[in-house]
$ cat my_file_27.cif   # mmCIF, C-alpha atoms
data_query
#
loop_
_atom_site.group_PDB
_atom_site.id
_atom_site.type_symbol
_atom_site.label_atom_id
_atom_site.label_comp_id
_atom_site.auth_asym_id
_atom_site.auth_seq_id
_atom_site.Cartn_x
_atom_site.Cartn_y
_atom_site.Cartn_z
ATOM 1 C CA MET A 23 0.000 0.000 0.000
ATOM 2 C CA ILE A 24 1.462 3.315 -1.049
ATOM 3 C CA PRO A 25 0.910 6.095 1.525
ATOM 4 C CA LEU A 26 -1.235 9.007 0.389
ATOM 5 C CA SER A 27 1.478 11.476 1.452
ATOM 6 C CA TRP A 28 3.883 10.107 -1.198
ATOM 7 C CA TYR A 29 1.447 10.981 -3.967
ATOM 8 C CA LEU A 30 0.801 14.422 -2.468
ATOM 9 C CA THR A 31 4.534 15.175 -2.208
ATOM 10 C CA LEU A 32 5.176 14.028 -5.774
ATOM 11 C CA ALA A 33 2.281 16.090 -7.141
ATOM 12 C CA ALA A 34 3.405 19.178 -5.192
ATOM 13 C CA ALA A 35 6.946 18.811 -6.563
ATOM 14 C CA LEU A 36 5.671 18.370 -10.127
ATOM 15 C CA PHE A 37 3.435 21.440 -9.747
ATOM 16 C CA CYS A 38 6.351 23.577 -8.509
ATOM 17 C CA ILE A 39 8.643 22.413 -11.335
ATOM 18 C CA GLY A 40 5.930 23.385 -13.813
ATOM 19 C CA LEU A 41 5.516 26.745 -12.074
ATOM 20 C CA TYR A 42 9.255 27.398 -12.418
ATOM 21 C CA GLY A 43 9.006 26.592 -16.134
ATOM 22 C CA VAL A 44 6.084 29.004 -16.574
ATOM 23 C CA LEU A 45 7.812 31.832 -14.707
ATOM 24 C CA ALA A 46 11.363 31.463 -15.989
ATOM 25 C CA ARG A 47 11.100 30.346 -19.611
ATOM 26 C CA LYS A 48 11.340 32.864 -22.429
ATOM 27 C CA ASN A 49 9.782 30.826 -25.221
ATOM 28 C CA ALA A 50 5.977 30.854 -25.242
ATOM 29 C CA VAL A 51 5.780 27.164 -26.270
ATOM 30 C CA ALA A 52 7.999 26.260 -23.303
ATOM 31 C CA ILE A 53 5.643 28.208 -21.029
ATOM 32 C CA LEU A 54 2.757 26.091 -22.375
ATOM 33 C CA MET A 55 4.756 22.945 -21.572
ATOM 34 C CA GLY A 56 5.103 24.179 -17.982
ATOM 35 C CA ILE A 57 1.331 24.655 -17.824
ATOM 36 C CA GLU A 58 0.831 21.068 -19.014
ATOM 37 C CA LEU A 59 3.087 19.845 -16.178
ATOM 38 C CA MET A 60 1.049 21.841 -13.640
ATOM 39 C CA LEU A 61 -2.246 20.452 -14.977
ATOM 40 C CA ASN A 62 -0.834 16.933 -14.692
ATOM 41 C CA ALA A 63 0.150 17.550 -11.087
ATOM 42 C CA VAL A 64 -3.415 18.672 -10.350
ATOM 43 C CA ASN A 65 -4.760 15.533 -12.032
ATOM 44 C CA ILE A 66 -2.529 13.295 -9.896
ATOM 45 C CA LYS A 67 -3.857 15.044 -6.810
ATOM 46 C CA LEU A 68 -7.510 14.722 -7.858
ATOM 47 C CA LEU A 69 -7.119 11.035 -8.620
ATOM 48 C CA ASP A 70 -5.241 10.128 -5.444
ATOM 49 C CA PHE A 71 -7.846 11.895 -3.318
ATOM 50 C CA TRP A 72 -10.491 9.962 -5.269
ATOM 51 C CA HIS A 73 -8.653 6.686 -4.684
ATOM 52 C CA TYR A 74 -7.961 7.193 -0.982
ATOM 53 C CA LEU A 75 -10.945 9.225 0.243
ATOM 54 C CA THR A 76 -14.029 8.572 -1.934
ATOM 55 C CA PRO A 77 -13.400 5.504 -4.118
ATOM 56 C CA THR A 78 -17.088 4.579 -4.227
ATOM 57 C CA THR A 79 -18.175 7.786 -6.015
ATOM 58 C CA VAL A 80 -17.166 8.971 -9.482
ATOM 59 C CA SER A 81 -16.800 12.697 -8.750
ATOM 60 C CA GLY A 82 -12.989 12.631 -8.529
ATOM 61 C CA GLN A 83 -12.668 10.951 -11.921
ATOM 62 C CA MET A 84 -15.169 13.413 -13.373
ATOM 63 C CA PHE A 85 -13.056 16.354 -12.183
ATOM 64 C CA ALA A 86 -9.978 14.774 -13.770
ATOM 65 C CA ILE A 87 -11.829 14.274 -17.071
ATOM 66 C CA ILE A 88 -12.927 17.927 -17.104
ATOM 67 C CA VAL A 89 -9.287 18.923 -16.482
ATOM 68 C CA PHE A 90 -8.323 16.779 -19.501
ATOM 69 C CA VAL A 91 -10.877 18.557 -21.682
ATOM 70 C CA VAL A 92 -9.754 22.004 -20.538
ATOM 71 C CA ALA A 93 -6.092 21.053 -21.072
ATOM 72 C CA ALA A 94 -6.831 19.943 -24.628
ATOM 73 C CA SER A 95 -8.709 23.180 -25.445
ATOM 74 C CA GLU A 96 -5.990 25.266 -23.794
ATOM 75 C CA ALA A 97 -3.231 23.574 -25.762
ATOM 76 C CA ALA A 98 -5.084 23.966 -29.065
ATOM 77 C CA VAL A 99 -5.980 27.642 -28.578
ATOM 78 C CA GLY A 100 -2.623 28.538 -26.997
ATOM 79 C CA LEU A 101 -0.562 27.007 -29.779
ATOM 80 C CA ALA A 102 -2.834 28.603 -32.407
ATOM 81 C CA LEU A 103 -2.220 31.999 -30.800
ATOM 82 C CA ILE A 104 1.538 31.405 -30.721
ATOM 83 C CA ILE A 105 1.600 30.420 -34.407
ATOM 84 C CA SER A 106 -0.519 33.451 -35.303
ATOM 85 C CA ILE A 107 1.814 35.784 -33.373
ATOM 86 C CA TYR A 108 4.812 34.144 -35.030
ATOM 87 C CA ARG A 109 3.305 34.834 -38.478
ATOM 88 C CA ARG A 110 2.695 38.520 -37.751
ATOM 89 C CA ARG A 111 5.580 39.490 -35.491
ATOM 90 C CA ASN A 112 8.163 36.784 -36.200
ATOM 91 C CA THR A 113 8.780 36.123 -32.519
ATOM 92 C CA VAL A 114 7.762 33.569 -29.909
ATOM 93 C CA VAL A 115 9.558 35.229 -26.984
ATOM 94 C CA ALA A 116 6.936 36.058 -24.356
ATOM 95 C CA GLU A 117 8.509 39.340 -23.221
ATOM 96 C CA GLU A 118 8.606 40.731 -26.765
ATOM 97 C CA ILE A 119 4.862 40.204 -27.189
ATOM 98 C CA ASP A 120 3.716 43.434 -25.516
ATOM 99 C CA LEU A 121 1.714 45.270 -28.189
ATOM 100 C CA MET A 122 -2.037 45.013 -28.697
ATOM 101 C CA LYS A 123 -1.829 46.138 -32.335
ATOM 102 C CA TRP A 124 1.025 46.102 -34.850
ATOM 103 C CA MET B 29 9.119 -2.012 0.806
ATOM 104 C CA THR B 30 6.449 -3.699 -1.277
ATOM 105 C CA PRO B 31 6.818 -4.055 -5.068
ATOM 106 C CA LEU B 32 4.113 -1.418 -5.548
ATOM 107 C CA GLN B 33 6.088 1.070 -3.500
ATOM 108 C CA LEU B 34 9.229 0.325 -5.526
ATOM 109 C CA ILE B 35 7.299 0.915 -8.768
ATOM 110 C CA PHE B 36 5.978 4.177 -7.345
ATOM 111 C CA LEU B 37 9.457 5.356 -6.365
ATOM 112 C CA PHE B 38 10.925 4.534 -9.789
ATOM 113 C CA THR B 39 8.018 6.209 -11.599
ATOM 114 C CA GLY B 40 8.126 9.239 -9.335
ATOM 115 C CA ALA B 41 11.858 9.679 -9.853
ATOM 116 C CA ALA B 42 11.378 9.366 -13.627
ATOM 117 C CA ILE B 43 8.547 11.941 -13.595
ATOM 118 C CA LEU B 44 10.489 14.478 -11.541
ATOM 119 C CA ILE B 45 13.779 14.091 -13.447
ATOM 120 C CA SER B 46 12.096 14.407 -16.825
ATOM 121 C CA ALA B 47 9.992 17.357 -15.581
ATOM 122 C CA VAL B 48 13.181 19.146 -14.519
ATOM 123 C CA MET B 49 14.653 18.385 -17.940
ATOM 124 C CA VAL B 50 11.518 19.909 -19.559
ATOM 125 C CA VAL B 51 12.062 23.227 -17.819
ATOM 126 C CA VAL B 52 15.870 23.428 -18.119
ATOM 127 C CA ALA B 53 16.591 21.802 -21.518
ATOM 128 C CA HIS B 54 18.200 24.174 -24.015
ATOM 129 C CA ASN B 55 16.858 22.438 -27.084
ATOM 130 C CA LEU B 56 13.077 22.793 -27.176
ATOM 131 C CA VAL B 57 12.535 19.580 -29.137
ATOM 132 C CA HIS B 58 14.404 17.728 -26.396
ATOM 133 C CA ALA B 59 12.211 19.478 -23.819
ATOM 134 C CA ALA B 60 9.101 18.244 -25.648
ATOM 135 C CA LEU B 61 10.446 14.670 -25.708
ATOM 136 C CA TRP B 62 11.165 14.848 -21.966
ATOM 137 C CA LEU B 63 7.591 16.090 -21.555
ATOM 138 C CA VAL B 64 6.392 12.878 -23.222
ATOM 139 C CA VAL B 65 8.424 10.823 -20.711
ATOM 140 C CA SER B 66 6.935 12.789 -17.830
ATOM 141 C CA LEU B 67 3.367 12.394 -19.129
ATOM 142 C CA PHE B 68 3.896 8.670 -19.562
ATOM 143 C CA GLY B 69 5.071 8.431 -15.950
ATOM 144 C CA VAL B 70 1.868 10.165 -14.875
ATOM 145 C CA ALA B 71 -0.089 7.536 -16.846
ATOM 146 C CA VAL B 72 1.736 4.809 -14.872
ATOM 147 C CA LEU B 73 0.721 6.579 -11.652
ATOM 148 C CA PHE B 74 -2.911 6.537 -12.821
ATOM 149 C CA VAL B 75 -2.639 2.762 -13.245
ATOM 150 C CA LEU B 76 -1.238 2.500 -9.704
ATOM 151 C CA LEU B 77 -4.281 4.492 -8.539
ATOM 152 C CA GLU B 78 -6.581 1.937 -10.248
ATOM 153 C CA ALA B 79 -7.830 4.524 -12.723
ATOM 154 C CA GLY B 80 -7.044 2.498 -15.830
ATOM 155 C CA PHE B 81 -9.464 4.368 -18.075
ATOM 156 C CA LEU B 82 -7.847 7.712 -17.284
ATOM 157 C CA ALA B 83 -4.394 6.197 -17.852
ATOM 158 C CA ALA B 84 -5.508 5.241 -21.363
ATOM 159 C CA VAL B 85 -6.971 8.716 -21.878
ATOM 160 C CA GLN B 86 -3.681 10.210 -20.657
ATOM 161 C CA VAL B 87 -1.691 8.214 -23.222
ATOM 162 C CA VAL B 88 -4.082 8.866 -26.108
ATOM 163 C CA LEU B 89 -4.879 12.520 -25.366
ATOM 164 C CA TYR B 90 -1.744 13.941 -23.770
ATOM 165 C CA ILE B 91 0.969 11.930 -25.491
ATOM 166 C CA GLY B 92 -0.922 11.285 -28.707
ATOM 167 C CA ALA B 93 -2.416 14.731 -29.235
ATOM 168 C CA ILE B 94 -1.091 17.506 -27.002
ATOM 169 C CA ALA B 95 2.590 16.485 -27.063
ATOM 170 C CA ILE B 96 2.494 16.064 -30.843
ATOM 171 C CA LEU B 97 0.780 19.467 -31.170
ATOM 172 C CA ILE B 98 3.523 21.045 -29.055
ATOM 173 C CA ILE B 99 6.266 19.414 -31.146
ATOM 174 C CA PHE B 100 4.563 20.742 -34.297
ATOM 175 C CA ALA B 101 4.405 24.255 -32.817
ATOM 176 C CA ILE B 102 8.089 24.095 -31.834
ATOM 177 C CA MET B 103 9.115 23.025 -35.319
ATOM 178 C CA LEU B 104 6.948 25.701 -36.970
ATOM 179 C CA THR B 105 8.371 28.525 -34.832
ATOM 180 C CA ARG B 106 11.923 27.367 -34.360
ATOM 181 C CA ARG B 107 13.755 29.632 -36.783
ATOM 182 C CA VAL B 108 13.594 32.768 -34.629
ATOM 183 C CA MET B 109 14.841 31.094 -31.498
ATOM 184 C CA GLN B 110 17.750 28.880 -32.375
ATOM 185 C CA ASP B 111 19.061 27.021 -29.409
ATOM 186 C CA SER B 112 21.821 29.491 -28.724
ATOM 187 C CA GLY B 113 21.598 32.089 -26.006
ATOM 188 C CA PRO B 114 19.811 31.870 -22.671
ATOM 189 C CA GLN B 115 16.402 30.183 -22.657
ATOM 190 C CA THR B 116 15.333 31.784 -19.373
ATOM 191 C CA ASN B 117 14.653 35.423 -18.519
ATOM 192 C CA GLN B 118 16.582 37.510 -16.006
ATOM 193 C CA GLN B 119 14.230 36.651 -13.131
ATOM 194 C CA TRP B 120 14.913 32.917 -13.254
ATOM 195 C CA TRP B 121 16.455 32.914 -9.752
ATOM 196 C CA LEU B 122 13.359 34.663 -8.380
ATOM 197 C CA SER B 123 11.148 32.102 -10.154
ATOM 198 C CA ALA B 124 13.163 29.263 -8.612
ATOM 199 C CA LEU B 125 12.819 30.888 -5.206
ATOM 200 C CA ILE B 126 9.033 31.222 -5.618
ATOM 201 C CA ALA B 127 8.744 27.601 -6.778
ATOM 202 C CA VAL B 128 10.742 26.262 -3.813
ATOM 203 C CA ALA B 129 8.806 28.469 -1.373
ATOM 204 C CA LEU B 130 5.492 27.241 -2.789
ATOM 205 C CA PHE B 131 6.701 23.625 -2.496
ATOM 206 C CA VAL B 132 7.574 24.105 1.179
ATOM 207 C CA ALA B 133 4.261 25.859 1.821
ATOM 208 C CA LEU B 134 2.314 23.080 0.057
ATOM 209 C CA LEU B 135 4.116 20.358 2.040
ATOM 210 C CA TRP B 136 3.431 22.176 5.301
ATOM 211 C CA THR B 137 -0.247 22.674 4.457
ATOM 212 C CA LEU B 138 -0.699 19.066 3.326
ATOM 213 C CA SER B 139 0.902 17.788 6.542
ATOM 214 C CA GLN B 140 -1.520 19.837 8.669
ATOM 215 C CA VAL B 141 -4.651 18.113 7.354
ATOM 216 C CA ALA B 142 -6.002 14.855 8.808
ATOM 217 C CA TYR B 143 -7.373 13.019 5.775
ATOM 218 C CA PRO B 144 -10.501 10.919 6.367
ATOM 219 C CA LEU B 145 -9.147 7.806 4.621
ATOM 220 C CA ALA B 146 -11.928 5.582 3.331
ATOM 221 C CA ASN B 147 -9.985 2.281 3.400
ATOM 222 C CA VAL B 148 -12.412 0.629 0.993
ATOM 223 C CA PRO B 149 -11.283 -0.849 -2.330
ATOM 224 C CA VAL B 150 -12.288 0.732 -5.614
ATOM 225 C CA PRO B 151 -15.432 -1.109 -6.780
ATOM 226 C CA GLU B 152 -14.939 -3.447 -9.733
ATOM 227 C CA SER B 153 -17.718 -1.783 -11.714
ATOM 228 C CA TYR B 154 -16.553 1.811 -11.258
ATOM 229 C CA LEU B 155 -16.112 2.266 -15.016
ATOM 230 C CA ILE B 156 -19.747 1.301 -15.665
ATOM 231 C CA THR B 157 -20.853 3.744 -12.957
ATOM 232 C CA LEU B 158 -18.675 6.425 -14.552
ATOM 233 C CA GLY B 159 -20.120 5.830 -18.008
ATOM 234 C CA ARG B 160 -23.705 5.848 -16.694
ATOM 235 C CA SER B 161 -23.160 9.056 -14.739
ATOM 236 C CA PHE B 162 -22.039 10.769 -17.955
ATOM 237 C CA VAL B 163 -25.487 10.370 -19.508
ATOM 238 C CA ASP B 164 -27.594 10.584 -16.338
ATOM 239 C CA PRO B 165 -29.394 13.975 -16.290
ATOM 240 C CA ASN B 166 -29.284 13.964 -12.492
ATOM 241 C CA GLN B 167 -25.517 13.577 -12.413
ATOM 242 C CA TYR B 168 -23.035 14.743 -15.037
ATOM 243 C CA ALA B 169 -24.946 14.962 -18.321
ATOM 244 C CA LEU B 170 -24.793 18.778 -18.336
ATOM 245 C CA PRO B 171 -21.032 19.090 -17.600
ATOM 246 C CA PHE B 172 -20.439 16.438 -20.267
ATOM 247 C CA GLU B 173 -22.346 18.443 -22.898
ATOM 248 C CA VAL B 174 -20.691 21.701 -21.817
ATOM 249 C CA ALA B 175 -17.276 20.030 -22.125
ATOM 250 C CA SER B 176 -18.020 18.822 -25.647
ATOM 251 C CA VAL B 177 -19.246 22.284 -26.710
ATOM 252 C CA LEU B 178 -16.101 23.811 -25.151
ATOM 253 C CA LEU B 179 -13.882 21.432 -27.148
ATOM 254 C CA LEU B 180 -15.741 22.219 -30.373
ATOM 255 C CA VAL B 181 -15.513 25.984 -29.800
ATOM 256 C CA ALA B 182 -11.812 25.730 -28.904
ATOM 257 C CA LEU B 183 -10.962 23.703 -32.007
ATOM 258 C CA ILE B 184 -12.922 25.940 -34.407
ATOM 259 C CA GLY B 185 -11.428 28.984 -32.690
ATOM 260 C CA SER B 186 -7.884 27.719 -33.052
ATOM 261 C CA ILE B 187 -8.463 27.028 -36.765
ATOM 262 C CA VAL B 188 -9.729 30.594 -37.189
ATOM 263 C CA ILE B 189 -6.831 32.093 -35.199
ATOM 264 C CA ALA B 190 -4.028 30.104 -36.789
ATOM 265 C CA GLY B 191 -5.427 29.874 -40.326
ATOM 266 C CA GLU B 192 -4.013 32.017 -43.111
ATOM 267 C CA LYS B 193 -5.989 35.206 -43.539
ATOM 268 C CA GLY B 194 -7.575 35.393 -46.997
ATOM 269 C CA LYS B 195 -4.920 36.676 -49.359
#
$ encode --input "my_file_27.cif" --output "structure tokens"
Amino acid sequence: MIPLSWYLTLAAALFCIGLYGVLARKNAVAILMGIELMLNAVNIKLLDFWHYLTPTTVSGQMFAIIVFVVAASEAAVGLALIISIYRRRNTVVAEEIDLMKW
Amino acid sequence: MTPLQLIFLFTGAAILISAVMVVVAHNLVHAALWLVVSLFGVAVLFVLLEAGFLAAVQVVLYIGAIAILIIFAIMLTRRVMQDSGPQTNQQWWLSALIAVALFVALLWTLSQVAYPLANVPVPESYLITLGRSFVDPNQYALPFEVASVLLLVALIGSIVIAGEKGK
């Protein structure tokens, strides 16, 4: 039996690594990869609480599935925005993208 | 040390090492490949948590779709950011500090809570219950429909945003 605290520690570490990637990376695609890591950490947490606290209900799994759906939409829209910005401004560096209109 | 715990430790180490490689790798394509390793480790964790359906969804959706989409985006936008020069901004040390502080705060908070452990096994038929609750109007039929509309809107929107403007 794996203790619940192991899962919680692992998910917290994964979340913080993703947060570092979001805050420190220059490239917008790399920032999106950090967000994916954070969403995965949240999913681990949701599922281990489901498994250890309320295994007889389906609500934990449902939350995780909604997170999956939101992650897929976020990746699609985010990458579309990055490609669109790259076409117009020829950059993917997040700190250079600071104009509303070009 | 049971075999399950050993598997967890190996998987956890693989997830964390590859996640660190995702955020520090100089070459973005390498970062995306490390991301695939990390996502696969998370799928193994889902199997350990007896959520086999979500593990399959993780492999198909994250590794099969999102990771491939990210690799495409990297290859389409790579010319402007060759892998020379720093890949992090000037505040990277502050970001690292914030991340470590948040980790300590999370660990402290999680250790303060007494979790009401259920100590019952996951029912054999949980997948049937899950599938039924998706279409049951009293349970999750509405969130399910909202999620599908959200996906449709997001995909059409991304086609509109990324598509070539009529020239």
$ closest_residue --input "my_file_27.cif" --among "B:Leu67, B:Leu183, B:Ala142, B:Ala169" --to "Leu75 in chain A" --atoms "all atoms listed in the file"
B:Ala142
$ closest_residue --input "my_file_27.cif" --among "B:Ile102, B:Ala41, B:Ala124, B:Ile156" --to "Ala46 in chain A" --atoms "all atoms listed in the file"
B:Ala124
$ atom_distance --input "my_file_27.cif" --atom1 "CA of Ala53 in chain B" --atom2 "CA of Ala190 in chain B"
27.0 Å
$ atom_distance --input "my_file_27.cif" --atom1 "CA of Val65 in chain B" --atom2 "CA of Ile99 in chain B"
13.7 Å
$ closest_residue --input "my_file_27.cif" --among "B:Ala71, B:Leu135, B:Leu56, B:Leu76" --to "Arg106 in chain B" --atoms "only C-alpha atoms"
B:Leu56
$ resolve_selection --input "my_file_27.cif" --expression "the PyMOL selection byres ((chain A) within 7 of (chain B))" --output "compact mmCIF listing (two decimals) with C-alpha atoms, in the frame of the given file"
# COMPACT_ATOMS: atom_id res chain seq x y z
CA ILE A 24 1.46 3.32 -1.05
CA THR A 31 4.53 15.18 -2.21
CA LEU A 32 5.18 14.03 -5.77
CA ALA A 34 3.40 19.18 -5.19
CA ALA A 35 6.95 18.81 -6.56
CA LEU A 36 5.67 18.37 -10.13
CA CYS A 38 6.35 23.58 -8.51
CA ILE A 39 8.64 22.41 -11.34
CA LEU A 41 5.52 26.74 -12.07
CA TYR A 42 9.26 27.40 -12.42
CA GLY A 43 9.01 26.59 -16.13
CA LEU A 45 7.81 31.83 -14.71
CA ALA A 46 11.36 31.46 -15.99
CA ARG A 47 11.10 30.35 -19.61
CA LYS A 48 11.34 32.86 -22.43
CA VAL A 51 5.78 27.16 -26.27
CA ASP A 70 -5.24 10.13 -5.44
CA HIS A 73 -8.65 6.69 -4.68
CA TYR A 74 -7.96 7.19 -0.98
CA LEU A 75 -10.94 9.22 0.24
CA THR A 76 -14.03 8.57 -1.93
CA PRO A 77 -13.40 5.50 -4.12
CA THR A 78 -17.09 4.58 -4.23
CA VAL A 80 -17.17 8.97 -9.48
CA ILE A 88 -12.93 17.93 -17.10
CA VAL A 91 -10.88 18.56 -21.68
CA ALA A 94 -6.83 19.94 -24.63
CA SER A 95 -8.71 23.18 -25.44
CA ALA A 97 -3.23 23.57 -25.76
CA ALA A 98 -5.08 23.97 -29.06
CA VAL A 99 -5.98 27.64 -28.58
CA LEU A 101 -0.56 27.01 -29.78
CA ALA A 102 -2.83 28.60 -32.41
CA LEU A 103 -2.22 32.00 -30.80
CA ILE A 105 1.60 30.42 -34.41
CA SER A 106 -0.52 33.45 -35.30
CA TYR A 108 4.81 34.14 -35.03
CA ASN A 112 8.16 36.78 -36.20
CA THR A 113 8.78 36.12 -32.52
$ atom_distance --input "my_file_27.cif" --atom1 "CA of Val141 in chain B" --atom2 "CA of Ser27 in chain A"
10.8 Å
$ resolve_selection --input "my_file_27.cif" --expression "the PyMOL selection byres ((chain A and resi 58-68) around 6)" --output "ChimeraX atom specification"
/A:33,36-37,40,55-57,69-71,82,86
